[in-house]
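Here is the structure we will look at, set down as structure tokens.
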Amino acid sequence: MVEPRLSRGLRDLLPDAMLARQRMIDTIRGVYELYGFSPLETPAVEYLDVLSGSAGAEAQGQIFEATNPEGEQLGLRFDLTVPLSRVVSQYQDLIFPFRRYQVSPVWRADKPEPGRYRQFTQFDLDSVGAESEVADTEIIAAMCDTLDALDVGPYLVRFSSRKILNLLLEYAEIPQSGGPAVFRILDKLDKIGLGKVKLELTSGYTDESGAPISGLGLSAGQVEKIERFLKIKADSRSEVLELLRALFGGVDNAQQEIDVVERISSHLDALGYESNRVVVDLGIARGLAYYTGPVFEAVLLDAQQFGSVFAGGRYDNLVRRFTGRSIPATGASIGVDRLLAALVELDRVEQRKTSSQVLVSAMDPALMGEYLQITYELRRAGIRTEMHVGKPKRLGKQLQRADRLEIPYVVIMGSDEAQRGVVTVKEMLVGRRKAVEVRSHDEWKAGRFGQQEIARKDLAKTLRLLLDG
RNA sequence: GCUGGCGUAGCUCAGUCGGUUAGAGCGCCUGAUUGUGGAUCAGGAGGUCGGAGGUUCGAAUCCCCCCGCCAGUACCA
């Protein structure tokens with residue numbers, strides 16, 4: 001015997017999880033198609049060198065490796081952006097800008113943690129070949145429209161630009177090569193607070209568990225400049241940008257880079273995406289390794305512990321390793337599993353165990369054909385219907401199934417109903433509500449809760465009304 | 001990766017000075033009720049005590065190694 005089991009970090013998505021998830025994916029797809037993006041699918045497995053070159057040394061350990069029968073080294077994709085850059089490099093006769101969406105699982109050999117799995121699904125939206133910040137604007141607007149369509153409650157999209165962070169390095173007189181280390185610390189601002197960020201930028205400290213955190217060794221003057229940058233806050237995007245212009249007054253090229261962000265902001269203003277949901281937040285850093293321009297991320301304000309559920313940015317250099325030249329690209333990615341987990345936590349998704357709306361029960365073997373007729377009549381009327389497919393046995397078992405699967409209606413027809421040309425429709429919820437007050441089983445059985453008899457010919461019409469009502 | 005805690009039935013757990021046949025609650029199955037899902041009652045199934053090795057007349061219990069899970073911490077293109 002083999003023990004049925006999954007390797008760590010992997011999980012099954014049972015029907016109740018899948019129903020909510022598929023509804024979510026359908027909603028997102030609807031918004032992306034409204035924007036005129038087109039679908040793309042790529043294989044889960046790629047050549048290892050196609051995957052690994054872009055990611056830097058630390059990514060290597062996170063790739064699940066595989067081989068094919070020819071003995072070639074392959075790996076499972078760890079994001080959808082690298083396969084996209086392969087595709088746009090490989091099919092140069094695509095019509096650019098290539099605007100695509102893709103929803104697919106990706107694999108990372110990380111240590112699994114709550115809400116974090118080794119296989120998870122991303123839903124990406126990207127424009128490849130568009131240099132203009134209009135493309136970035138569209139991505140941010142699509143993020144808002146998607147979150148609205150998903151009815152996630154209050155959220156905030158924050159954006160900034162990787163180039164502004166590079167200007168910060170210049171302003172604080174930190175060599176560009178020190179950028180990643182500095183940004184990684186700034187990225188923790190929300191989590192650990194300004195005090196610890198400053199310590200980590202300078203001398204380091206020892207945390208509560210006694211673990212030493214080493215510092216970067218920046219000078220007090222440098223840290224003060226960084227702090228001044230981080231403290232830029234204002235009610236509107238344009239005020240933030242004005243303060244930034246003032247702070248970076250003496251930095252070369254600063255005004256042009258700020259102009260880019262300003263143009264995105266004013267496009268968003270013109271479209272009605274205002275500072276109540278899209279803000280310029282200079283503290284956001286994002287993944288950093290391949291972003292070259294604007295970066296964005298969205299958080300749900302009532303579920304901030306889930307972090308950013310939707311994030312992205314501009315990455316103009318990613319295809320260079322395939323083609324030798326840069327193609328501008330910008331996009332964003334939804335962590336489908338993380339966002340769904342947040343919505344479940346917020347009780348903002350309907351959780352069902354089946355899509356069935358009606359169960360047609362079967363009691364009398366002689367009426368099997370009739371049960372099938374009823375079932376298909378309902379299906380052809382667009383009502384999601386299942387029929388009792390086992391032996392026609394105890395009605396109680398069949399009602400129990402409807403109860404457990406939360407199927408709202410059961411159609412009951414025995415020989416007496418059949419003779420009279422009627423069927424019984426039972427609304428399960430009524431009995432479920434009554435159950436708390438009913439004491440004796442006889443009373444429960446005799447109650448026939450939520451049942452009504454209707455003419456056989458009116459069945460589909462009646463159920464349609466009940467379901468729509 | 002590091003530190004600590006924990007692994008006993010589908011789930012939550014009890015059971016260690018080593019001692020007969022490893023228990024409970026919930027859940028599941030069957031019946032009371034072959035036309036009524038809740039409740040109740042009766043009966044039943046379900047265990048390599050995480051795995052391998054060791055000590056012992058005897059190990060769920062003690063020792064060693066490994067694996068897994070949980071919490072914190074680090075990392076996360």
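Letters A, B, ... mark the chains of the structure tokens in the order given; residue numbers begin at 1 per chain; ligand numbers begin at 1, in order shown.
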Just the residues within 10 Å of Glu406 (chain A), please, counting only C-alpha atoms (C1' of nucleotides), with nothing from its chain fewer than 4 positions along; format it as a ChimeraX atom specification.
/A:352-358,400-402,428-429
Mind checking DSSP for region 291-369 of chain A and telling me the alpha helix (DSSP H) residues as a list of chain:residue names?
A:Arg320, A:Arg321, A:Phe322, A:Thr323, A:Val336, A:Asp337, A:Arg338, A:Leu339, A:Leu340, A:Ala341, A:Ala342, A:Leu343, A:Val344, A:Glu345, A:Met368, A:Gly369
Return as JSON lines the residues of chain B lying at most 8 Å from chain A, together with the closest atom-to-atom pair for each and the distance in Å to one decimal, counting only C-alpha atoms (C1' of nucleotides), with rows in chain order and ascending residue number.
```
{"residue": "B:U34", "atom": "C1'", "partner": "A:Arg394", "partner_atom": "CA", "distance": 6.5}
{"residue": "B:G35", "atom": "C1'", "partner": "A:Leu395", "partner_atom": "CA", "distance": 6.3}
{"residue": "B:U36", "atom": "C1'", "partner": "A:Gly396", "partner_atom": "CA", "distance": 5.5}
{"residue": "B:G37", "atom": "C1'", "partner": "A:Gln400", "partner_atom": "CA", "distance": 4.3}
{"residue": "B:G38", "atom": "C1'", "partner": "A:Ala435", "partner_atom": "CA", "distance": 4.8}
{"residue": "B:A39", "atom": "C1'", "partner": "A:Arg439", "partner_atom": "CA", "distance": 6.3}
{"residue": "B:G72", "atom": "C1'", "partner": "A:Ser209", "partner_atom": "CA", "distance": 8.0}
{"residue": "B:U73", "atom": "C1'", "partner": "A:Ser209", "partner_atom": "CA", "distance": 7.5}
{"residue": "B:C76", "atom": "C1'", "partner": "A:Asp110", "partner_atom": "CA", "distance": 7.9}
{"residue": "B:A77", "atom": "C1'", "partner": "A:Ala55", "partner_atom": "CA", "distance": 4.7}
```
Residues from the last selection, C-alpha atoms (C1' of nucleotides), saved as a PDB file, in the first residue's frame:
```
ATOM      1  C1'   U B  34     -37.380   0.837   2.828  1.00  0.00           C
ATOM      2  C1'   G B  35     -41.296   9.118   1.637  1.00  0.00           C
ATOM      3  C1'   U B  36     -37.962  13.492   4.792  1.00  0.00           C
ATOM      4  C1'   G B  37     -31.897  16.477   5.894  1.00  0.00           C
ATOM      5  C1'   G B  38     -31.739  18.453  12.374  1.00  0.00           C
ATOM      6  C1'   A B  39     -32.178  15.946  17.499  1.00  0.00           C
ATOM      7  C1'   G B  72       9.626  32.771  16.260  1.00  0.00           C
ATOM      8  C1'   U B  73      13.661  34.580  13.187  1.00  0.00           C
ATOM      9  C1'   C B  76      12.160  35.791  -0.941  1.00  0.00           C
ATOM     10  C1'   A B  77      14.446  37.553  -8.140  1.00  0.00           C
TER      11        A B  77
END
```
Near region 139-152 of chain A, within 10 Å and counting only C-alpha atoms (C1' of nucleotides), which residues show up once chain neighbours fewer than 2 positions away are dropped, as a PDB file with N, CA, C and O atoms, in the first residue's frame?
```pdb
ATOM      1  N   ARG A  23     -14.522  31.589  -9.551  1.00  0.00           N
ATOM      2  CA  ARG A  23     -15.326  32.805  -9.700  1.00  0.00           C
ATOM      3  C   ARG A  23     -14.412  34.021  -9.697  1.00  0.00           C
ATOM      4  O   ARG A  23     -14.578  34.957 -10.468  1.00  0.00           O
ATOM      5  N   MET A  24     -13.436  33.988  -8.804  1.00  0.00           N
ATOM      6  CA  MET A  24     -12.498  35.103  -8.716  1.00  0.00           C
ATOM      7  C   MET A  24     -11.715  35.262 -10.012  1.00  0.00           C
ATOM      8  O   MET A  24     -11.573  36.370 -10.546  1.00  0.00           O
ATOM      9  N   ILE A  25     -11.232  34.150 -10.542  1.00  0.00           N
ATOM     10  CA  ILE A  25     -10.440  34.208 -11.769  1.00  0.00           C
ATOM     11  C   ILE A  25     -11.293  34.707 -12.930  1.00  0.00           C
ATOM     12  O   ILE A  25     -10.848  35.524 -13.747  1.00  0.00           O
ATOM     13  N   ASP A  26     -12.549  34.263 -12.998  1.00  0.00           N
ATOM     14  CA  ASP A  26     -13.432  34.729 -14.062  1.00  0.00           C
ATOM     15  C   ASP A  26     -13.631  36.242 -13.995  1.00  0.00           C
ATOM     16  O   ASP A  26     -13.667  36.925 -15.019  1.00  0.00           O
ATOM     17  N   THR A  27     -13.766  36.746 -12.775  1.00  0.00           N
ATOM     18  CA  THR A  27     -13.965  38.190 -12.608  1.00  0.00           C
ATOM     19  C   THR A  27     -12.743  38.965 -13.081  1.00  0.00           C
ATOM     20  O   THR A  27     -12.856  39.965 -13.791  1.00  0.00           O
ATOM     21  N   ILE A  28     -11.580  38.486 -12.684  1.00  0.00           N
ATOM     22  CA  ILE A  28     -10.342  39.167 -13.081  1.00  0.00           C
ATOM     23  C   ILE A  28     -10.191  39.135 -14.602  1.00  0.00           C
ATOM     24  O   ILE A  28      -9.894  40.145 -15.245  1.00  0.00           O
ATOM     25  N   ARG A  29     -10.449  37.954 -15.175  1.00  0.00           N
ATOM     26  CA  ARG A  29     -10.320  37.818 -16.631  1.00  0.00           C
ATOM     27  C   ARG A  29     -11.252  38.789 -17.340  1.00  0.00           C
ATOM     28  O   ARG A  29     -10.879  39.403 -18.343  1.00  0.00           O
ATOM     29  N   GLY A  30     -12.445  38.947 -16.778  1.00  0.00           N
ATOM     30  CA  GLY A  30     -13.395  39.874 -17.383  1.00  0.00           C
ATOM     31  C   GLY A  30     -12.844  41.291 -17.469  1.00  0.00           C
ATOM     32  O   GLY A  30     -12.982  41.967 -18.495  1.00  0.00           O
ATOM     33  N   VAL A  31     -12.186  41.733 -16.411  1.00  0.00           N
ATOM     34  CA  VAL A  31     -11.630  43.088 -16.419  1.00  0.00           C
ATOM     35  C   VAL A  31     -10.481  43.181 -17.428  1.00  0.00           C
ATOM     36  O   VAL A  31     -10.402  44.127 -18.221  1.00  0.00           O
ATOM     37  N   TYR A  32      -9.626  42.181 -17.436  1.00  0.00           N
ATOM     38  CA  TYR A  32      -8.464  42.234 -18.335  1.00  0.00           C
ATOM     39  C   TYR A  32      -8.907  42.228 -19.796  1.00  0.00           C
ATOM     40  O   TYR A  32      -8.319  42.896 -20.652  1.00  0.00           O
ATOM     41  N   LEU A  34     -11.758  43.352 -20.837  1.00  0.00           N
ATOM     42  CA  LEU A  34     -12.354  44.667 -21.068  1.00  0.00           C
ATOM     43  C   LEU A  34     -11.289  45.670 -21.501  1.00  0.00           C
ATOM     44  O   LEU A  34     -11.536  46.583 -22.281  1.00  0.00           O
ATOM     45  N   TYR A  35     -10.087  45.481 -20.985  1.00  0.00           N
ATOM     46  CA  TYR A  35      -8.975  46.346 -21.357  1.00  0.00           C
ATOM     47  C   TYR A  35      -8.330  45.919 -22.674  1.00  0.00           C
ATOM     48  O   TYR A  35      -7.365  46.529 -23.113  1.00  0.00           O
ATOM     49  N   LEU A 125      -0.717  40.527 -15.839  1.00  0.00           N
ATOM     50  CA  LEU A 125      -1.170  41.444 -16.876  1.00  0.00           C
ATOM     51  C   LEU A 125       0.052  42.250 -17.287  1.00  0.00           C
ATOM     52  O   LEU A 125       0.690  42.868 -16.433  1.00  0.00           O
ATOM     53  N   ASP A 126       0.432  42.227 -18.576  1.00  0.00           N
ATOM     54  CA  ASP A 126       1.627  42.962 -18.990  1.00  0.00           C
ATOM     55  C   ASP A 126       1.459  43.573 -20.367  1.00  0.00           C
ATOM     56  O   ASP A 126       0.787  43.005 -21.230  1.00  0.00           O
ATOM     57  N   SER A 127       2.125  44.709 -20.563  1.00  0.00           N
ATOM     58  CA  SER A 127       2.267  45.313 -21.892  1.00  0.00           C
ATOM     59  C   SER A 127       3.743  45.274 -22.245  1.00  0.00           C
ATOM     60  O   SER A 127       4.553  45.874 -21.531  1.00  0.00           O
ATOM     61  N   GLU A 133       4.435  56.049 -20.424  1.00  0.00           N
ATOM     62  CA  GLU A 133       3.871  55.844 -19.097  1.00  0.00           C
ATOM     63  C   GLU A 133       2.354  55.668 -19.152  1.00  0.00           C
ATOM     64  O   GLU A 133       1.733  55.337 -18.156  1.00  0.00           O
ATOM     65  N   VAL A 134       1.770  55.852 -20.343  1.00  0.00           N
ATOM     66  CA  VAL A 134       0.352  55.512 -20.485  1.00  0.00           C
ATOM     67  C   VAL A 134       0.148  54.024 -20.190  1.00  0.00           C
ATOM     68  O   VAL A 134      -0.850  53.625 -19.588  1.00  0.00           O
ATOM     69  N   ALA A 135       1.127  53.213 -20.609  1.00  0.00           N
ATOM     70  CA  ALA A 135       1.019  51.776 -20.332  1.00  0.00           C
ATOM     71  C   ALA A 135       1.027  51.513 -18.832  1.00  0.00           C
ATOM     72  O   ALA A 135       0.273  50.675 -18.331  1.00  0.00           O
ATOM     73  N   ASP A 136       1.878  52.210 -18.104  1.00  0.00           N
ATOM     74  CA  ASP A 136       1.905  52.045 -16.639  1.00  0.00           C
ATOM     75  C   ASP A 136       0.589  52.522 -16.029  1.00  0.00           C
ATOM     76  O   ASP A 136       0.059  51.913 -15.098  1.00  0.00           O
ATOM     77  N   THR A 137       0.095  53.635 -16.569  1.00  0.00           N
ATOM     78  CA  THR A 137      -1.172  54.176 -16.073  1.00  0.00           C
ATOM     79  C   THR A 137      -2.289  53.149 -16.209  1.00  0.00           C
ATOM     80  O   THR A 137      -3.079  52.927 -15.287  1.00  0.00           O
ATOM     81  N   PRO A 154     -12.215  48.249   1.110  1.00  0.00           N
ATOM     82  CA  PRO A 154     -11.249  49.337   0.947  1.00  0.00           C
ATOM     83  C   PRO A 154      -9.842  48.823   0.642  1.00  0.00           C
ATOM     84  O   PRO A 154      -9.400  47.842   1.211  1.00  0.00           O
ATOM     85  N   TYR A 155      -9.203  49.478  -0.314  1.00  0.00           N
ATOM     86  CA  TYR A 155      -7.842  49.084  -0.683  1.00  0.00           C
ATOM     87  C   TYR A 155      -7.042  50.327  -1.020  1.00  0.00           C
ATOM     88  O   TYR A 155      -7.597  51.427  -1.166  1.00  0.00           O
ATOM     89  N   LEU A 156      -5.759  50.155  -1.132  1.00  0.00           N
ATOM     90  CA  LEU A 156      -4.890  51.259  -1.502  1.00  0.00           C
ATOM     91  C   LEU A 156      -3.853  50.751  -2.493  1.00  0.00           C
ATOM     92  O   LEU A 156      -3.197  49.736  -2.242  1.00  0.00           O
ATOM     93  N   VAL A 157      -3.757  51.424  -3.637  1.00  0.00           N
ATOM     94  CA  VAL A 157      -2.678  51.133  -4.582  1.00  0.00           C
ATOM     95  C   VAL A 157      -1.602  52.185  -4.346  1.00  0.00           C
ATOM     96  O   VAL A 157      -1.884  53.383  -4.363  1.00  0.00           O
ATOM     97  N   ARG A 158      -0.402  51.715  -4.068  1.00  0.00           N
ATOM     98  CA  ARG A 158       0.700  52.641  -3.821  1.00  0.00           C
ATOM     99  C   ARG A 158       1.673  52.535  -4.980  1.00  0.00           C
ATOM    100  O   ARG A 158       1.944  51.427  -5.445  1.00  0.00           O
ATOM    101  N   PHE A 159       2.163  53.678  -5.452  1.00  0.00           N
ATOM    102  CA  PHE A 159       3.183  53.558  -6.483  1.00  0.00           C
ATOM    103  C   PHE A 159       4.290  54.571  -6.301  1.00  0.00           C
ATOM    104  O   PHE A 159       4.160  55.563  -5.588  1.00  0.00           O
ATOM    105  N   ILE A 264       1.953  60.110 -14.818  1.00  0.00           N
ATOM    106  CA  ILE A 264       1.073  58.987 -14.457  1.00  0.00           C
ATOM    107  C   ILE A 264      -0.018  59.489 -13.518  1.00  0.00           C
ATOM    108  O   ILE A 264      -1.208  59.198 -13.677  1.00  0.00           O
ATOM    109  N   HIS A 267      -2.619  61.583 -15.364  1.00  0.00           N
ATOM    110  CA  HIS A 267      -3.510  60.716 -16.159  1.00  0.00           C
ATOM    111  C   HIS A 267      -4.540  60.062 -15.247  1.00  0.00           C
ATOM    112  O   HIS A 267      -5.722  59.980 -15.566  1.00  0.00           O
ATOM    113  N   LEU A 268      -4.066  59.544 -14.108  1.00  0.00           N
ATOM    114  CA  LEU A 268      -4.975  58.862 -13.185  1.00  0.00           C
ATOM    115  C   LEU A 268      -6.040  59.836 -12.677  1.00  0.00           C
ATOM    116  O   LEU A 268      -7.215  59.482 -12.556  1.00  0.00           O
ATOM    117  N   LEU A 271      -8.735  60.294 -15.120  1.00  0.00           N
ATOM    118  CA  LEU A 271      -9.609  59.126 -15.276  1.00  0.00           C
ATOM    119  C   LEU A 271     -10.443  58.855 -14.027  1.00  0.00           C
ATOM    120  O   LEU A 271     -11.247  57.920 -14.010  1.00  0.00           O
ATOM    121  N   GLY A 272     -10.221  59.633 -12.975  1.00  0.00           N
ATOM    122  CA  GLY A 272     -11.014  59.464 -11.777  1.00  0.00           C
ATOM    123  C   GLY A 272     -10.405  58.541 -10.730  1.00  0.00           C
ATOM    124  O   GLY A 272     -11.091  58.130  -9.792  1.00  0.00           O
ATOM    125  N   TYR A 273      -9.139  58.180 -10.894  1.00  0.00           N
ATOM    126  CA  TYR A 273      -8.471  57.349  -9.877  1.00  0.00           C
ATOM    127  C   TYR A 273      -7.721  58.296  -8.946  1.00  0.00           C
ATOM    128  O   TYR A 273      -6.581  58.686  -9.219  1.00  0.00           O
ATOM    129  N   ARG A 277      -7.537  56.254  -3.305  1.00  0.00           N
ATOM    130  CA  ARG A 277      -7.199  54.841  -3.503  1.00  0.00           C
ATOM    131  C   ARG A 277      -5.884  54.613  -4.226  1.00  0.00           C
ATOM    132  O   ARG A 277      -5.382  53.483  -4.246  1.00  0.00           O
ATOM    133  N   VAL A 278      -5.343  55.642  -4.866  1.00  0.00           N
ATOM    134  CA  VAL A 278      -4.021  55.486  -5.484  1.00  0.00           C
ATOM    135  C   VAL A 278      -3.119  56.586  -4.931  1.00  0.00           C
ATOM    136  O   VAL A 278      -3.414  57.766  -5.104  1.00  0.00           O
ATOM    137  N   VAL A 295       6.934  51.437 -10.039  1.00  0.00           N
ATOM    138  CA  VAL A 295       6.569  50.195  -9.345  1.00  0.00           C
ATOM    139  C   VAL A 295       5.266  50.443  -8.601  1.00  0.00           C
ATOM    140  O   VAL A 295       5.001  51.571  -8.174  1.00  0.00           O
ATOM    141  N   PHE A 296       4.452  49.378  -8.480  1.00  0.00           N
ATOM    142  CA  PHE A 296       3.167  49.555  -7.818  1.00  0.00           C
ATOM    143  C   PHE A 296       2.792  48.333  -7.014  1.00  0.00           C
ATOM    144  O   PHE A 296       3.197  47.227  -7.342  1.00  0.00           O
ATOM    145  N   GLU A 297       1.984  48.571  -5.983  1.00  0.00           N
ATOM    146  CA  GLU A 297       1.492  47.440  -5.207  1.00  0.00           C
ATOM    147  C   GLU A 297       0.177  47.830  -4.564  1.00  0.00           C
ATOM    148  O   GLU A 297      -0.081  48.996  -4.281  1.00  0.00           O
ATOM    149  N   ALA A 298      -0.669  46.826  -4.331  1.00  0.00           N
ATOM    150  CA  ALA A 298      -1.971  47.083  -3.714  1.00  0.00           C
ATOM    151  C   ALA A 298      -2.096  46.298  -2.422  1.00  0.00           C
ATOM    152  O   ALA A 298      -1.690  45.139  -2.349  1.00  0.00           O
ATOM    153  N   LEU A 300      -4.996  45.426   0.821  1.00  0.00           N
ATOM    154  CA  LEU A 300      -6.370  45.538   1.301  1.00  0.00           C
ATOM    155  C   LEU A 300      -6.298  46.159   2.690  1.00  0.00           C
ATOM    156  O   LEU A 300      -5.640  45.630   3.581  1.00  0.00           O
ATOM    157  N   LEU A 301      -7.004  47.247   2.872  1.00  0.00           N
ATOM    158  CA  LEU A 301      -6.839  47.998   4.121  1.00  0.00           C
ATOM    159  C   LEU A 301      -7.368  47.237   5.326  1.00  0.00           C
ATOM    160  O   LEU A 301      -6.897  47.437   6.438  1.00  0.00           O
ATOM    161  N   ASP A 302      -8.344  46.340   5.108  1.00  0.00           N
ATOM    162  CA  ASP A 302      -8.863  45.558   6.232  1.00  0.00           C
ATOM    163  C   ASP A 302      -8.104  44.248   6.431  1.00  0.00           C
ATOM    164  O   ASP A 302      -8.460  43.456   7.291  1.00  0.00           O
ATOM    165  N   ALA A 303      -7.112  43.996   5.599  1.00  0.00           N
ATOM    166  CA  ALA A 303      -6.366  42.734   5.709  1.00  0.00           C
ATOM    167  C   ALA A 303      -4.900  42.984   5.371  1.00  0.00           C
ATOM    168  O   ALA A 303      -4.304  42.325   4.537  1.00  0.00           O
ATOM    169  N   VAL A 309      -1.261  42.178  -2.383  1.00  0.00           N
ATOM    170  CA  VAL A 309      -1.958  41.088  -3.057  1.00  0.00           C
ATOM    171  C   VAL A 309      -1.872  41.241  -4.578  1.00  0.00           C
ATOM    172  O   VAL A 309      -2.296  40.354  -5.308  1.00  0.00           O
ATOM    173  N   PHE A 310      -1.342  42.349  -4.993  1.00  0.00           N
ATOM    174  CA  PHE A 310      -1.346  42.681  -6.425  1.00  0.00           C
ATOM    175  C   PHE A 310      -0.198  43.653  -6.590  1.00  0.00           C
ATOM    176  O   PHE A 310      -0.167  44.696  -5.940  1.00  0.00           O
ATOM    177  N   ALA A 311       0.783  43.344  -7.405  1.00  0.00           N
ATOM    178  CA  ALA A 311       1.966  44.196  -7.456  1.00  0.00           C
ATOM    179  C   ALA A 311       2.665  44.079  -8.793  1.00  0.00           C
ATOM    180  O   ALA A 311       2.516  43.090  -9.503  1.00  0.00           O
ATOM    181  N   GLY A 312       3.439  45.090  -9.125  1.00  0.00           N
ATOM    182  CA  GLY A 312       4.165  45.015 -10.386  1.00  0.00           C
ATOM    183  C   GLY A 312       5.020  46.242 -10.609  1.00  0.00           C
ATOM    184  O   GLY A 312       5.311  46.993  -9.675  1.00  0.00           O
ATOM    185  N   GLY A 313       5.375  46.432 -11.888  1.00  0.00           N
ATOM    186  CA  GLY A 313       6.200  47.573 -12.214  1.00  0.00           C
ATOM    187  C   GLY A 313       6.751  47.450 -13.617  1.00  0.00           C
ATOM    188  O   GLY A 313       6.426  46.514 -14.353  1.00  0.00           O
ATOM    189  N   THR A 330       5.897  46.598 -18.976  1.00  0.00           N
ATOM    190  CA  THR A 330       5.359  46.944 -17.663  1.00  0.00           C
ATOM    191  C   THR A 330       4.168  46.039 -17.391  1.00  0.00           C
ATOM    192  O   THR A 330       3.515  45.572 -18.324  1.00  0.00           O
ATOM    193  N   GLY A 331       3.942  45.740 -16.116  1.00  0.00           N
ATOM    194  CA  GLY A 331       2.838  44.836 -15.812  1.00  0.00           C
ATOM    195  C   GLY A 331       2.669  44.639 -14.330  1.00  0.00           C
ATOM    196  O   GLY A 331       3.379  45.234 -13.515  1.00  0.00           O
ATOM    197  N   ALA A 332       1.708  43.797 -14.005  1.00  0.00           N
ATOM    198  CA  ALA A 332       1.438  43.527 -12.599  1.00  0.00           C
ATOM    199  C   ALA A 332       0.910  42.111 -12.447  1.00  0.00           C
ATOM    200  O   ALA A 332       0.435  41.503 -13.409  1.00  0.00           O
ATOM    201  N   SER A 333       1.000  41.621 -11.242  1.00  0.00           N
ATOM    202  CA  SER A 333       0.674  40.231 -10.975  1.00  0.00           C
ATOM    203  C   SER A 333      -0.183  40.133  -9.713  1.00  0.00           C
ATOM    204  O   SER A 333       0.114  40.761  -8.703  1.00  0.00           O
ATOM    205  N   ILE A 334      -1.234  39.323  -9.812  1.00  0.00           N
ATOM    206  CA  ILE A 334      -2.051  39.051  -8.636  1.00  0.00           C
ATOM    207  C   ILE A 334      -1.630  37.718  -8.049  1.00  0.00           C
ATOM    208  O   ILE A 334      -1.535  36.731  -8.770  1.00  0.00           O
ATOM    209  N   LEU A 339      -4.661  36.523  -2.353  1.00  0.00           N
ATOM    210  CA  LEU A 339      -5.831  37.404  -2.384  1.00  0.00           C
ATOM    211  C   LEU A 339      -7.089  36.649  -1.944  1.00  0.00           C
ATOM    212  O   LEU A 339      -7.892  37.159  -1.159  1.00  0.00           O
ATOM    213  N   LEU A 340      -7.217  35.420  -2.402  1.00  0.00           N
ATOM    214  CA  LEU A 340      -8.399  34.635  -2.011  1.00  0.00           C
ATOM    215  C   LEU A 340      -8.384  34.383  -0.501  1.00  0.00           C
ATOM    216  O   LEU A 340      -9.418  34.505   0.162  1.00  0.00           O
ATOM    217  N   ALA A 342      -7.130  36.249   1.731  1.00  0.00           N
ATOM    218  CA  ALA A 342      -7.499  37.505   2.392  1.00  0.00           C
ATOM    219  C   ALA A 342      -9.005  37.718   2.327  1.00  0.00           C
ATOM    220  O   ALA A 342      -9.631  38.125   3.310  1.00  0.00           O
ATOM    221  N   LEU A 343      -9.606  37.412   1.177  1.00  0.00           N
ATOM    222  CA  LEU A 343     -11.037  37.629   1.035  1.00  0.00           C
ATOM    223  C   LEU A 343     -11.834  36.645   1.888  1.00  0.00           C
ATOM    224  O   LEU A 343     -12.899  36.985   2.406  1.00  0.00           O
ATOM    225  N   LEU A 346     -11.753  38.017   5.258  1.00  0.00           N
ATOM    226  CA  LEU A 346     -12.660  39.169   5.371  1.00  0.00           C
ATOM    227  C   LEU A 346     -14.119  38.772   5.177  1.00  0.00           C
ATOM    228  O   LEU A 346     -14.992  39.621   5.215  1.00  0.00           O
ATOM    229  N   ASP A 347     -14.355  37.484   4.929  1.00  0.00           N
ATOM    230  CA  ASP A 347     -15.706  36.994   4.690  1.00  0.00           C
ATOM    231  C   ASP A 347     -16.347  37.698   3.503  1.00  0.00           C
ATOM    232  O   ASP A 347     -17.509  38.072   3.530  1.00  0.00           O
ATOM    233  N   ARG A 348     -15.564  37.856   2.448  1.00  0.00           N
ATOM    234  CA  ARG A 348     -16.062  38.540   1.262  1.00  0.00           C
ATOM    235  C   ARG A 348     -16.198  37.609   0.066  1.00  0.00           C
ATOM    236  O   ARG A 348     -16.341  38.072  -1.061  1.00  0.00           O
ATOM    237  N   VAL A 349     -16.111  36.305   0.296  1.00  0.00           N
ATOM    238  CA  VAL A 349     -16.384  35.372  -0.800  1.00  0.00           C
ATOM    239  C   VAL A 349     -17.454  34.391  -0.353  1.00  0.00           C
ATOM    240  O   VAL A 349     -17.472  33.955   0.793  1.00  0.00           O
TER     241      VAL A 349
END
```
Show me, as a list in words, the residues that have an atom within 10 Å of region 62-65 of chain B when counting only C-alpha atoms (C1' of nucleotides), minus same-chain residues fewer than 4 positions from it.
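The neighbour list is U16, G18, A52, G53, G54, U55 and U56 of chain B.
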May I ask which of the residues A:Leu40, A:Gly217, A:Asp337, A:Arg86 is the closest one to Ser203 (chain A), counting only C-alpha atoms?
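Once distances to Ser203 (chain A) are computed over only C-alpha atoms, the minimum belongs to A:Gly217.
CA of Lys191 (chain A) sits 26.3 Å away from CA of Asp124 (chain A).
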